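The next block is target04.cif, given as mmCIF, C-alpha atoms and all ligand atoms.
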data_work
loop_
_atom_site.label_atom_id
_atom_site.label_comp_id
_atom_site.auth_asym_id
_atom_site.auth_seq_id
_atom_site.Cartn_x
_atom_site.Cartn_y
_atom_site.Cartn_z
CA MET A 177 107.71 91.10 87.15
CA THR A 178 104.76 93.52 87.21
CA GLU A 179 104.95 97.09 86.00
CA ALA A 180 104.26 98.33 89.55
CA THR A 181 107.13 96.30 90.97
CA ASN A 182 109.38 97.80 88.33
CA ASP A 183 108.28 101.30 89.36
CA ILE A 184 109.14 100.70 92.99
CA GLU A 185 112.49 99.21 92.12
CA LYS A 186 113.22 102.22 89.93
CA LYS A 187 112.22 104.55 92.73
CA VAL A 188 114.52 102.82 95.20
CA GLU A 189 117.34 102.72 92.63
CA ASN A 190 116.92 106.47 92.04
CA MET A 191 117.13 107.08 95.75
CA THR A 192 120.33 105.13 96.00
CA THR A 193 121.91 106.67 92.92
CA LYS A 194 120.83 110.11 94.12
CA ASN A 195 122.69 109.04 97.26
CA LEU A 196 120.54 111.28 99.41
CA GLU A 197 122.64 113.08 101.94
CA GLU A 198 119.52 114.02 103.82
CA ASP A 199 116.27 112.11 104.19
CA VAL A 200 113.40 113.71 102.28
CA VAL A 201 110.39 114.24 104.56
CA ASN A 202 107.53 116.48 103.48
CA PRO A 203 103.76 116.06 103.06
CA TRP A 204 104.26 114.62 99.55
CA GLU A 205 107.41 112.56 99.73
CA VAL A 206 109.25 110.42 102.24
CA ALA A 207 112.55 108.96 101.03
CA SER A 208 115.69 107.71 102.68
CA SER A 209 118.71 106.08 101.11
CA SER A 210 119.15 103.88 104.22
CA ASP A 211 117.25 100.59 104.30
CA LYS A 212 116.66 101.24 108.02
CA GLY A 213 114.55 104.21 106.94
CA VAL A 214 114.53 107.83 108.06
CA ASP A 215 117.03 108.91 110.72
CA TYR A 216 114.51 110.31 113.20
CA ASP A 217 117.05 111.75 115.64
CA LYS A 218 118.51 113.84 112.84
CA LEU A 219 115.00 114.89 111.80
CA ILE A 220 114.25 116.20 115.29
CA LYS A 221 117.32 118.43 115.03
CA ARG A 222 116.50 119.56 111.49
CA PHE A 223 112.85 120.35 112.27
CA GLY A 224 113.66 121.87 115.67
CA SER A 225 111.20 119.71 117.62
CA SER A 226 111.87 117.85 120.90
CA LYS A 227 112.30 114.17 121.64
CA VAL A 228 109.56 112.21 123.41
CA ASP A 229 111.82 111.10 126.27
CA GLU A 230 111.34 108.88 129.29
CA GLU A 231 110.53 111.85 131.49
CA LEU A 232 107.69 112.96 129.21
CA ILE A 233 106.28 109.43 128.99
CA LYS A 234 106.32 109.12 132.80
CA ARG A 235 104.58 112.48 133.10
CA ILE A 236 101.87 111.41 130.65
CA GLU A 237 101.32 108.30 132.79
CA THR A 238 101.16 110.34 135.99
CA VAL A 239 98.79 112.97 134.62
CA THR A 240 96.43 110.50 132.93
CA GLY A 241 96.74 107.74 135.52
CA LYS A 242 97.07 105.27 132.61
CA PRO A 243 99.97 103.10 131.46
CA ALA A 244 101.62 104.62 128.38
CA HIS A 245 100.36 103.41 124.99
CA HIS A 246 102.82 101.03 123.30
CA PHE A 247 103.33 103.66 120.55
CA LEU A 248 104.92 105.83 123.26
CA LYS A 249 106.96 103.05 124.86
CA ARG A 250 108.30 101.85 121.49
CA GLY A 251 109.23 105.27 120.10
CA VAL A 252 106.50 105.36 117.41
CA PHE A 253 105.43 108.78 118.71
CA PHE A 254 109.00 110.02 119.00
CA SER A 255 108.86 113.81 118.62
CA GLN A 256 106.81 116.64 120.09
CA ARG A 257 106.33 120.35 120.42
CA ASP A 258 105.01 121.97 123.64
CA MET A 259 103.71 118.70 125.08
CA HIS A 260 104.75 119.77 128.60
CA GLN A 261 102.47 122.79 128.31
CA ILE A 262 99.56 120.51 127.42
CA LEU A 263 100.35 118.38 130.49
CA ASN A 264 100.47 121.52 132.66
CA LEU A 265 96.94 122.35 131.46
CA ALA A 266 95.71 118.81 132.08
CA GLU A 267 97.18 118.87 135.59
CA GLN A 268 95.33 122.10 136.32
CA LYS A 269 92.10 120.67 134.82
CA LYS A 270 92.18 123.39 132.16
CA PRO A 271 90.75 122.63 128.71
CA PHE A 272 92.51 121.80 125.46
CA PHE A 273 91.40 119.99 122.32
CA LEU A 274 92.77 117.49 119.82
CA TYR A 275 92.98 118.08 116.07
CA THR A 276 94.03 115.62 113.39
CA GLY A 277 93.11 114.89 109.77
CA ARG A 278 93.15 112.90 106.59
CA GLY A 279 93.50 113.83 102.91
CA PRO A 280 90.98 111.51 101.24
CA SER A 281 92.93 110.46 98.15
CA SER A 282 91.80 106.83 98.06
CA GLU A 283 88.61 104.87 98.62
CA ALA A 284 90.01 103.24 101.76
CA MET A 285 92.66 104.17 104.29
CA HIS A 286 95.74 101.99 104.75
CA LEU A 287 97.47 100.61 107.84
CA GLY A 288 99.85 103.58 108.04
CA HIS A 289 96.94 106.02 108.37
CA LEU A 290 95.73 104.09 111.39
CA ILE A 291 98.79 105.08 113.42
CA PRO A 292 97.84 108.72 114.19
CA PHE A 293 94.15 107.85 114.52
CA ILE A 294 94.72 104.97 116.97
CA PHE A 295 96.92 107.22 119.08
CA THR A 296 94.48 110.13 118.86
CA LYS A 297 91.73 107.87 120.19
CA TRP A 298 93.96 106.84 123.08
CA LEU A 299 94.75 110.51 123.85
CA GLN A 300 91.07 111.45 123.68
CA GLU A 301 90.12 108.74 126.13
CA ALA A 302 93.08 109.39 128.43
CA PHE A 303 92.48 113.17 128.66
CA ASP A 304 88.70 113.28 127.93
CA VAL A 305 88.87 116.20 125.49
CA PRO A 306 87.07 117.21 122.28
CA LEU A 307 88.48 116.15 118.93
CA VAL A 308 88.13 117.75 115.50
CA ILE A 309 89.07 115.76 112.39
CA GLN A 310 89.64 117.62 109.12
CA LEU A 311 89.06 115.80 105.82
CA THR A 312 90.97 117.83 103.23
CA ASP A 313 89.00 116.88 100.12
CA ASP A 314 89.87 120.36 98.76
CA GLU A 315 93.58 119.48 99.07
CA LYS A 316 93.12 116.25 97.16
CA PHE A 317 91.11 118.05 94.44
CA LEU A 318 94.05 120.44 94.01
CA TRP A 319 96.83 117.84 94.10
CA LYS A 320 95.30 114.77 92.47
CA ASP A 321 93.36 113.99 89.34
CA LEU A 322 90.00 114.07 91.16
CA THR A 323 86.77 115.96 90.54
CA LEU A 324 85.24 117.88 93.44
CA GLU A 325 82.36 115.40 93.52
CA GLU A 326 84.71 112.42 93.75
CA ALA A 327 86.80 114.11 96.45
CA SER A 328 83.60 114.69 98.49
CA ARG A 329 82.59 111.08 98.09
CA LEU A 330 86.02 109.88 99.25
CA SER A 331 85.71 112.12 102.34
CA PHE A 332 82.52 110.35 103.28
CA GLU A 333 84.06 106.89 102.69
CA ASN A 334 87.19 107.78 104.69
CA ALA A 335 85.03 109.16 107.52
CA LYS A 336 83.61 105.63 107.83
CA ASP A 337 87.11 104.18 108.24
CA ILE A 338 87.82 106.73 110.97
CA ILE A 339 84.50 106.25 112.81
CA ALA A 340 84.97 102.45 112.71
CA LEU A 341 87.97 102.90 115.01
CA GLY A 342 85.44 103.65 117.74
CA PHE A 343 85.38 107.43 118.20
CA ASP A 344 82.67 108.89 120.45
CA VAL A 345 80.10 110.95 118.50
CA GLU A 346 79.43 113.17 121.53
CA LYS A 347 83.07 114.23 121.68
CA THR A 348 84.16 114.22 118.03
CA PHE A 349 83.46 116.49 115.06
CA ILE A 350 84.55 115.21 111.64
CA PHE A 351 84.34 117.74 108.81
CA SER A 352 84.94 117.86 105.09
CA ASP A 353 86.53 121.15 104.02
CA LEU A 354 84.24 121.27 100.98
CA GLU A 355 81.19 121.26 103.27
CA TYR A 356 82.25 122.99 106.47
CA ILE A 357 84.14 126.01 105.11
CA ALA A 358 81.10 127.13 103.14
CA GLN A 359 79.03 127.03 106.35
CA SER A 360 81.51 128.62 108.73
CA PRO A 361 82.44 132.30 108.48
CA ALA A 362 84.62 131.85 111.59
CA PHE A 363 86.76 129.20 109.87
CA TYR A 364 87.04 131.26 106.67
CA LYS A 365 88.08 134.34 108.65
CA ASN A 366 90.95 132.39 110.25
CA MET A 367 92.05 131.19 106.82
CA LEU A 368 92.12 134.79 105.59
CA ARG A 369 93.98 136.04 108.66
CA THR A 370 96.68 133.44 108.00
CA GLN A 371 96.77 134.16 104.25
CA LYS A 372 97.44 137.83 105.00
CA LEU A 373 100.45 137.05 107.20
CA VAL A 374 102.27 134.42 105.12
CA THR A 375 104.11 135.47 101.97
CA TYR A 376 104.67 133.49 98.78
CA ASN A 377 108.36 133.51 99.59
CA GLN A 378 107.70 131.79 102.92
CA VAL A 379 105.51 129.00 101.51
CA LYS A 380 108.01 128.52 98.69
CA GLY A 381 110.66 127.89 101.34
CA ILE A 382 108.49 125.64 103.51
CA PHE A 383 106.68 123.60 100.85
CA GLY A 384 108.91 123.88 97.78
CA PHE A 385 106.23 125.61 95.65
CA ASP A 386 107.45 127.28 92.46
CA ASP A 387 106.23 129.66 89.76
CA SER A 388 104.17 126.96 88.07
CA THR A 389 102.32 125.93 91.26
CA CYS A 390 98.60 126.75 90.98
CA ILE A 391 97.37 129.41 93.38
CA GLY A 392 95.00 126.94 95.08
CA LYS A 393 97.97 124.97 96.38
CA ILE A 394 99.79 128.11 97.43
CA SER A 395 96.96 129.18 99.73
CA PHE A 396 96.01 125.66 100.91
CA PRO A 397 98.30 125.65 103.99
CA SER A 398 96.06 128.32 105.54
CA ILE A 399 93.19 125.78 105.37
CA GLN A 400 95.14 123.10 107.24
CA ALA A 401 96.21 125.74 109.78
CA ALA A 402 92.70 127.00 110.63
CA PRO A 403 91.50 124.04 112.76
CA SER A 404 94.44 124.63 115.16
CA PHE A 405 92.53 127.67 116.45
CA SER A 406 89.51 127.14 118.68
CA SER A 407 87.77 130.17 117.17
CA SER A 408 87.31 128.17 113.94
CA PHE A 409 84.67 126.11 115.80
CA PRO A 410 82.45 128.62 117.65
CA GLN A 411 79.71 125.98 118.03
CA ILE A 412 82.09 123.74 120.02
CA PHE A 413 84.09 126.30 121.97
CA ASN A 414 81.40 128.91 122.61
CA ASN A 415 83.35 131.53 120.62
CA LYS A 416 86.44 131.16 122.85
CA THR A 417 89.60 132.02 120.92
CA ASN A 418 92.12 130.73 123.45
CA ILE A 419 91.52 127.00 123.94
CA PRO A 420 94.88 125.32 123.20
CA CYS A 421 95.22 122.58 120.61
CA LEU A 422 97.26 119.36 120.42
CA ILE A 423 97.86 117.78 117.00
CA PRO A 424 98.85 114.10 116.69
CA CYS A 425 100.14 113.26 113.17
CA ALA A 426 103.05 111.61 111.38
CA ILE A 427 106.01 113.94 111.01
CA ASP A 428 105.38 114.51 107.26
CA GLN A 429 102.67 117.02 108.24
CA ASP A 430 104.98 119.13 110.38
CA PRO A 431 105.70 121.77 107.67
CA TYR A 432 102.04 122.88 107.87
CA PHE A 433 102.28 123.30 111.60
CA ARG A 434 105.66 125.04 111.61
CA MET A 435 103.92 127.66 109.50
CA THR A 436 100.88 127.66 111.82
CA ARG A 437 103.03 128.05 114.93
CA ASP A 438 104.81 130.95 113.28
CA VAL A 439 101.59 132.89 112.57
CA ALA A 440 99.67 131.99 115.75
CA PRO A 441 101.19 134.60 118.12
CA ARG A 442 100.85 137.29 115.45
CA LEU A 443 97.11 136.52 115.37
CA GLY A 444 96.90 136.60 119.17
CA TYR A 445 96.35 132.82 119.21
CA ILE A 446 98.13 130.02 121.06
CA LYS A 447 100.62 127.91 119.08
CA PRO A 448 99.32 124.35 118.58
CA ALA A 449 101.28 121.61 120.37
CA LEU A 450 102.24 118.50 118.40
CA MET A 451 103.05 114.83 118.77
CA HIS A 452 104.77 113.29 115.73
CA SER A 453 104.90 109.63 114.75
CA THR A 454 107.43 107.75 112.66
CA PHE A 455 106.28 106.24 109.35
CA PHE A 456 104.71 102.85 108.95
CA PRO A 457 106.99 101.51 106.20
CA ALA A 458 105.96 100.58 102.65
CA LEU A 459 105.69 96.85 101.98
CA GLN A 460 108.92 97.18 99.99
CA GLY A 461 110.92 98.54 102.92
CA ALA A 462 111.56 101.47 105.21
CA GLN A 463 113.19 103.65 102.54
CA THR A 464 109.74 105.11 102.04
CA LYS A 465 106.40 105.21 103.85
CA MET A 466 103.27 103.24 103.14
CA SER A 467 101.42 105.58 100.79
CA ALA A 468 97.91 105.55 99.31
CA SER A 469 99.24 107.00 96.05
CA ASP A 470 101.29 103.82 95.59
CA ALA A 471 98.70 101.03 96.00
CA ASN A 472 101.46 98.44 95.68
CA SER A 473 103.14 99.74 98.83
CA SER A 474 100.04 99.42 100.99
CA ILE A 475 97.72 97.13 102.88
CA PHE A 476 94.29 98.76 102.83
CA LEU A 477 91.58 98.51 105.47
CA THR A 478 89.32 97.03 102.78
CA ASP A 479 91.76 94.24 101.85
CA THR A 480 90.46 90.68 102.20
CA ASP A 481 92.23 88.04 104.31
CA LYS A 482 93.60 86.57 101.10
CA GLN A 483 94.96 89.90 99.86
CA ILE A 484 96.63 90.52 103.24
CA LYS A 485 98.28 87.13 103.09
CA THR A 486 99.49 87.63 99.51
CA LYS A 487 100.85 91.10 100.26
CA VAL A 488 102.75 90.03 103.38
CA THR A 489 104.15 86.92 101.73
CA THR A 490 105.44 88.82 98.72
CA VAL A 491 107.42 91.16 100.97
CA ASN A 492 110.26 88.68 100.69
CA LYS A 493 110.53 89.23 96.95
CA TYR A 494 112.09 92.60 97.63
CA ALA A 495 115.48 93.40 99.07
CA PHE A 496 114.19 94.60 102.39
CA SER A 497 113.40 91.42 104.26
CA GLY A 498 115.93 90.91 107.02
CA GLY A 499 115.88 87.13 106.65
CA GLY A 500 118.52 84.98 104.98
CA THR A 501 117.97 83.99 101.34
CA THR A 502 117.89 80.29 102.23
CA THR A 503 116.85 78.50 105.42
CA GLU A 504 120.46 77.40 105.94
CA GLU A 505 121.80 80.92 105.57
CA HIS A 506 119.10 82.29 107.88
CA LYS A 507 119.89 79.71 110.56
CA GLU A 508 123.58 80.46 110.27
CA LYS A 509 123.59 84.25 110.10
CA GLY A 510 120.22 85.13 111.69
CA GLY A 511 117.70 87.79 110.62
CA ASN A 512 118.07 91.57 110.74
CA CYS A 513 115.08 93.09 112.56
CA ASP A 514 116.24 96.64 111.77
CA VAL A 515 115.33 96.28 108.10
CA ASP A 516 112.75 93.48 108.18
CA VAL A 517 109.37 94.88 107.17
CA SER A 518 107.33 92.12 108.84
CA TYR A 519 109.14 92.68 112.12
CA GLN A 520 108.69 96.45 111.79
CA TYR A 521 104.94 95.95 111.30
CA LEU A 522 104.79 93.80 114.44
CA THR A 523 106.32 96.64 116.46
CA PHE A 524 103.27 98.71 115.56
CA PHE A 525 100.57 96.08 115.93
CA LEU A 526 101.71 93.33 118.31
CA GLU A 527 100.84 94.77 121.71
CA ASP A 528 102.35 91.99 123.84
CA ASP A 529 105.85 93.27 124.79
CA ASN A 530 107.10 89.84 125.89
CA ARG A 531 106.07 88.10 122.67
CA LEU A 532 107.64 90.88 120.58
CA GLU A 533 110.92 90.57 122.47
CA GLU A 534 110.89 86.79 122.05
CA ILE A 535 110.37 87.21 118.31
CA ARG A 536 113.18 89.76 118.12
CA LYS A 537 115.61 87.48 119.91
CA THR A 538 114.77 84.27 118.05
CA TYR A 539 114.62 85.95 114.64
CA THR A 540 117.95 87.68 115.22
CA SER A 541 119.57 84.41 116.27
CA GLY A 542 118.18 82.61 113.21
CA GLU A 543 116.06 80.21 115.26
CA LEU A 544 112.77 81.76 114.06
CA LEU A 545 112.32 81.50 110.31
CA THR A 546 110.89 84.27 108.12
CA GLY A 547 107.86 82.12 107.27
CA TYR A 548 106.83 81.88 110.95
CA LEU A 549 107.36 85.57 111.52
CA LYS A 550 105.13 86.33 108.56
CA LYS A 551 102.51 83.84 109.67
CA GLU A 552 102.20 85.62 113.01
CA LEU A 553 101.98 89.01 111.31
CA ILE A 554 99.35 87.79 108.83
CA GLU A 555 97.16 86.51 111.68
CA ILE A 556 97.43 89.77 113.60
CA LEU A 557 96.66 91.93 110.54
CA GLN A 558 93.77 89.72 109.45
CA LYS A 559 92.27 90.07 112.93
CA ILE A 560 92.70 93.87 113.10
CA ILE A 561 91.42 94.47 109.58
CA GLY A 562 88.66 91.85 109.91
CA GLU A 563 87.29 93.49 113.07
CA HIS A 564 87.57 96.90 111.44
CA ARG A 565 85.71 95.64 108.35
CA GLN A 566 82.96 94.29 110.59
CA ARG A 567 82.54 97.58 112.50
CA ARG A 568 82.66 99.58 109.26
CA SER A 569 79.93 97.47 107.67
CA GLN A 570 77.58 98.32 110.54
CA LEU A 571 77.89 102.08 110.02
CA THR A 572 74.90 103.75 108.43
CA ASP A 573 75.02 107.01 106.45
CA ASP A 574 73.03 108.55 109.30
CA ILE A 575 75.76 107.81 111.83
CA VAL A 576 78.37 109.37 109.51
CA LYS A 577 76.16 112.44 109.08
CA GLN A 578 75.84 112.81 112.86
CA PHE A 579 79.64 112.97 113.21
CA MET A 580 79.81 115.46 110.34
CA THR A 581 77.11 117.87 111.54
CA PRO A 582 78.46 121.13 113.03
CA ARG A 583 77.17 121.12 116.62
CA LYS A 584 78.06 121.59 120.25
CA LEU A 585 79.89 118.62 121.77
CA LYS A 586 79.63 117.19 125.29
CA PHE A 587 81.89 119.91 126.75
CA ASP A 588 80.92 123.30 128.16
CA TYR A 589 83.08 126.42 127.77
P1 LIG A 601 97.18 111.92 104.87
O1 LIG A 601 95.84 111.52 104.39
O2 LIG A 601 98.33 111.83 103.94
O3 LIG A 601 97.52 111.08 106.16
C1 LIG A 601 96.62 111.00 107.27
C2 LIG A 601 97.44 110.85 108.54
O4 LIG A 601 98.22 109.67 108.47
C3 LIG A 601 99.60 109.99 108.59
N1 LIG A 601 100.31 109.05 107.70
C4 LIG A 601 101.07 108.07 108.17
N2 LIG A 601 101.42 107.75 109.44
C5 LIG A 601 102.26 106.70 109.61
N3 LIG A 601 102.75 105.98 108.57
C6 LIG A 601 102.41 106.24 107.29
N4 LIG A 601 102.88 105.50 106.30
C7 LIG A 601 101.54 107.35 107.04
N5 LIG A 601 101.01 107.92 105.92
C8 LIG A 601 100.27 108.95 106.36
C9 LIG A 601 99.73 111.46 108.19
O5 LIG A 601 100.85 112.09 108.77
C10 LIG A 601 98.43 112.01 108.77
O6 LIG A 601 98.57 112.25 110.15
N6 LIG A 601 97.06 116.97 104.69
C11 LIG A 601 96.76 115.81 105.52
C12 LIG A 601 95.37 115.84 106.13
C13 LIG A 601 95.29 116.70 107.37
C14 LIG A 601 95.94 116.46 108.61
C15 LIG A 601 95.58 117.54 109.46
C16 LIG A 601 96.78 115.43 109.06
C17 LIG A 601 94.58 117.86 107.51
N7 LIG A 601 94.73 118.38 108.77
C18 LIG A 601 96.02 117.59 110.79
C19 LIG A 601 97.24 115.48 110.38
C20 LIG A 601 96.86 116.57 111.22
C21 LIG A 601 96.94 114.52 104.70
O7 LIG A 601 96.85 114.51 103.50
O8 LIG A 601 97.10 113.39 105.48
#

Go through the file and emit its structure as structure tokens.
Amino acid sequence: MTEATNDIEKKVENMTTKNLEEDVVNPWEVASSSDKGVDYDKLIKRFGSSKVDEELIKRIETVTGKPAHHFLKRGVFFSQRDMHQILNLAEQKKPFFLYTGRGPSSEAMHLGHLIPFIFTKWLQEAFDVPLVIQLTDDEKFLWKDLTLEEASRLSFENAKDIIALGFDVEKTFIFSDLEYIAQSPAFYKNMLRTQKLVTYNQVKGIFGFDDSTCIGKISFPSIQAAPSFSSSFPQIFNNKTNIPCLIPCAIDQDPYFRMTRDVAPRLGYIKPALMHSTFFPALQGAQTKMSASDANSSIFLTDTDKQIKTKVTTVNKYAFSGGGTTTEEHKEKGGNCDVDVSYQYLTFFLEDDNRLEEIRKTYTSGELLTGYLKKELIEILQKIIGEHRQRRSQLTDDIVKQFMTPRKLKFDY
């Protein structure tokens, strides 16, 4: 057994012995003692957000004139704040913009990171609105063992992963905090306005900071808040301070935006709306999320076909495959899709609803064996990552620089 495997097993054992009464969900840790993963209905209540229900999904279809993305139909984007207000604006042909981000802590992004970006792209195309993408290299400098130079370099590399998803350069501004903040007094002013309104006591409560937390971390949330306000991008919004914002992200980022929504009205700004996704599980199971800081839990966008195959096939080594331990047992008792990582991955990446349902039924009955389920997943992931690798390899530094240059986009205000 490898050292890394040991670490994960220890982590899971700790979770179980800790017998978590509540799931832990914050920007740095996601942990649940249930092998089905986080209880998202409970989380909605705890965080005070609203469910993405059938009515909202229908309204999104009506307003955009497009069938709902499978992330909506399958409950991947399950929670929201103020989404009806965004739809009211869209109905009245009034402007809003999208904001999302990435903390560049690793050379490449992993499959979990794709979830908010794939959905953001769908939203951008469905509503035809500007998009700003924040790369928080400053955050990763503060939290990880990275030099500023290395954090900058990772921003640039991660920007390539994002651009390779097919974003439109005329409608999208990607920025590294280390570069953009130094060039933008408007952004810095919004950071300061937020810093003046939020006390140490409040961030301690929201983020769990303590007396030994460095002051860079304590003030960082104001940096992640600033892009929610249109006035942070005068070149895009023609100095307008009141263009509303919609933030797609996984729900681990919500603490930042609870804080932002609290300060917004006191600054005379509009609260950002949000759409939250569930977590793409770690290879070892849904008790935690796929995370770049645990390379063993992740399939990266730079992984080769062989690496993908090895990673998916070794899933079975861990306790969280829903298949039987032997073929006989599997055929007799059937598989458990609720905890099976390969099946969970298919719910994110297999778009064909009929095929997914067929797999669910035949796996549950025991007719479909784990090996076949994995084979199908491996093929799908190899295709997605292979095509991504191909598009990424065609990106020149010049194209990345175009996305990252502060400029007016294709929208007039
Ligand atoms: P980061 O780099 O941790 O994650 C980038 C985005 O991916 C989401 N995410 C996941 N989604 C599904 N399954 C997973 N396993 C998974 N892991 C990560 C995150 O929620 C995020 O949406 N501080 C942020 C960067 C940031 C940002 C933002 C994110 C700055 N501004 C605005 C969202 C919106 C961070 O470190 O993200």

- Item | A:Ser281, A:Ile427, A:Val239, A:Thr480 ranked by distance to Gln268 in chain A, top pick (using only C-alpha atoms) |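 Using only C-alpha atoms, the shortest distance to Gln268 in chain A belongs to A:Val239.
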
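Nearest to Thr546 in chain A of all the residues A:Ser408, A:Thr523, A:Gln566, A:Thr501 is A:Thr501, counting all atoms listed in the file.
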
Give me, as JSON lines, the closest atom pair and its distance (Å, one decimal) for every residue of range 427-497 of chain A within a cut-off of 10 Å of range 401-404 of chain A, counting all atoms listed in the file, rows sorted by chain and rising number.
{"residue": "A:Tyr432", "atom": "CA", "partner": "A:Ala401", "partner_atom": "CA", "distance": 6.8}
{"residue": "A:Phe433", "atom": "CA", "partner": "A:Ala401", "partner_atom": "CA", "distance": 6.8}
{"residue": "A:Arg434", "atom": "CA", "partner": "A:Ala401", "partner_atom": "CA", "distance": 9.7}
{"residue": "A:Met435", "atom": "CA", "partner": "A:Ala401", "partner_atom": "CA", "distance": 8.0}
{"residue": "A:Thr436", "atom": "CA", "partner": "A:Ala401", "partner_atom": "CA", "distance": 5.4}
{"residue": "A:Arg437", "atom": "CA", "partner": "A:Ala401", "partner_atom": "CA", "distance": 8.9}
{"residue": "A:Val439", "atom": "CA", "partner": "A:Ala401", "partner_atom": "CA", "distance": 9.4}
{"residue": "A:Ala440", "atom": "CA", "partner": "A:Ser404", "partner_atom": "CA", "distance": 9.0}
{"residue": "A:Tyr445", "atom": "CA", "partner": "A:Ser404", "partner_atom": "CA", "distance": 9.3}
{"residue": "A:Ile446", "atom": "CA", "partner": "A:Ser404", "partner_atom": "CA", "distance": 8.8}
{"residue": "A:Lys447", "atom": "CA", "partner": "A:Ser404", "partner_atom": "CA", "distance": 8.0}
{"residue": "A:Pro448", "atom": "CA", "partner": "A:Ser404", "partner_atom": "CA", "distance": 6.0}
{"residue": "A:Ala449", "atom": "CA", "partner": "A:Ser404", "partner_atom": "CA", "distance": 9.1}

- Message: As an exercise, work out the distance from CA of Leu557 in chain A to CA of Ala462 in chain A in Å and give it to one decimal place.
- Response: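 Interatomic distance, CA of Leu557 in chain A to CA of Ala462 in chain A: 18.5 Å.
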
- Message: Which residues are near Arg565 in chain A? Cut-off 10 Å, all atoms listed in the file, ignore same chain within fewer than 2 positions. Put them as a list of chain:residue names.
- Response: A:Asp337, A:Ala340, A:Leu477, A:Thr478, A:Asp479, A:Thr480, A:Lys559, A:Ile560, A:Ile561, A:Gly562, A:Glu563, A:Arg567, A:Arg568, A:Ser569, A:Gln570

With C-alpha atoms as the atom set, please write range 325-371 of chain A from the structure just given, as a PDB file, in the first residue's frame.
ATOM      1  CA  GLU A 325       6.458  33.910  -9.046  1.00  0.00           C
ATOM      2  CA  GLU A 326       5.253  30.306  -8.998  1.00  0.00           C
ATOM      3  CA  ALA A 327       1.692  31.376  -8.130  1.00  0.00           C
ATOM      4  CA  SER A 328       1.731  33.759 -11.150  1.00  0.00           C
ATOM      5  CA  ARG A 329       2.973  31.009 -13.414  1.00  0.00           C
ATOM      6  CA  LEU A 330       0.227  28.646 -12.227  1.00  0.00           C
ATOM      7  CA  SER A 331      -2.366  31.352 -12.967  1.00  0.00           C
ATOM      8  CA  PHE A 332      -1.199  31.467 -16.545  1.00  0.00           C
ATOM      9  CA  GLU A 333      -1.234  27.650 -16.862  1.00  0.00           C
ATOM     10  CA  ASN A 334      -4.707  27.399 -15.296  1.00  0.00           C
ATOM     11  CA  ALA A 335      -5.978  30.164 -17.605  1.00  0.00           C
ATOM     12  CA  LYS A 336      -5.106  27.823 -20.493  1.00  0.00           C
ATOM     13  CA  ASP A 337      -7.252  25.044 -18.986  1.00  0.00           C
ATOM     14  CA  ILE A 338     -10.147  27.490 -18.680  1.00  0.00           C
ATOM     15  CA  ILE A 339      -9.779  28.971 -22.183  1.00  0.00           C
ATOM     16  CA  ALA A 340      -9.583  25.442 -23.671  1.00  0.00           C
ATOM     17  CA  LEU A 341     -13.190  24.933 -22.568  1.00  0.00           C
ATOM     18  CA  GLY A 342     -14.111  27.294 -25.397  1.00  0.00           C
ATOM     19  CA  PHE A 343     -14.829  30.694 -23.824  1.00  0.00           C
ATOM     20  CA  ASP A 344     -15.320  33.656 -26.171  1.00  0.00           C
ATOM     21  CA  VAL A 345     -12.486  36.211 -25.927  1.00  0.00           C
ATOM     22  CA  GLU A 346     -14.831  39.058 -26.903  1.00  0.00           C
ATOM     23  CA  LYS A 347     -17.077  38.349 -23.924  1.00  0.00           C
ATOM     24  CA  THR A 348     -14.670  37.095 -21.260  1.00  0.00           C
ATOM     25  CA  PHE A 349     -12.048  38.771 -19.069  1.00  0.00           C
ATOM     26  CA  ILE A 350      -9.704  36.462 -17.135  1.00  0.00           C
ATOM     27  CA  PHE A 351      -7.502  38.169 -14.558  1.00  0.00           C
ATOM     28  CA  SER A 352      -4.765  37.237 -12.132  1.00  0.00           C
ATOM     29  CA  ASP A 353      -5.089  39.147  -8.847  1.00  0.00           C
ATOM     30  CA  LEU A 354      -1.323  39.672  -8.782  1.00  0.00           C
ATOM     31  CA  GLU A 355      -1.517  41.519 -12.111  1.00  0.00           C
ATOM     32  CA  TYR A 356      -4.913  43.187 -12.207  1.00  0.00           C
ATOM     33  CA  ILE A 357      -5.132  44.662  -8.697  1.00  0.00           C
ATOM     34  CA  ALA A 358      -1.929  46.626  -9.229  1.00  0.00           C
ATOM     35  CA  GLN A 359      -3.421  48.135 -12.402  1.00  0.00           C
ATOM     36  CA  SER A 360      -6.916  48.865 -11.150  1.00  0.00           C
ATOM     37  CA  PRO A 361      -7.583  51.577  -8.566  1.00  0.00           C
ATOM     38  CA  ALA A 362     -11.321  50.835  -8.907  1.00  0.00           C
ATOM     39  CA  PHE A 363     -10.826  47.210  -7.812  1.00  0.00           C
ATOM     40  CA  TYR A 364      -8.544  48.211  -4.930  1.00  0.00           C
ATOM     41  CA  LYS A 365     -11.056  50.811  -3.731  1.00  0.00           C
ATOM     42  CA  ASN A 366     -13.785  48.144  -3.534  1.00  0.00           C
ATOM     43  CA  MET A 367     -11.447  45.897  -1.554  1.00  0.00           C
ATOM     44  CA  LEU A 368     -10.820  48.724   0.908  1.00  0.00           C
ATOM     45  CA  ARG A 369     -14.510  49.588   1.199  1.00  0.00           C
ATOM     46  CA  THR A 370     -15.211  45.971   2.150  1.00  0.00           C
ATOM     47  CA  GLN A 371     -12.234  45.787   4.527  1.00  0.00           C
TER      48      GLN A 371
END
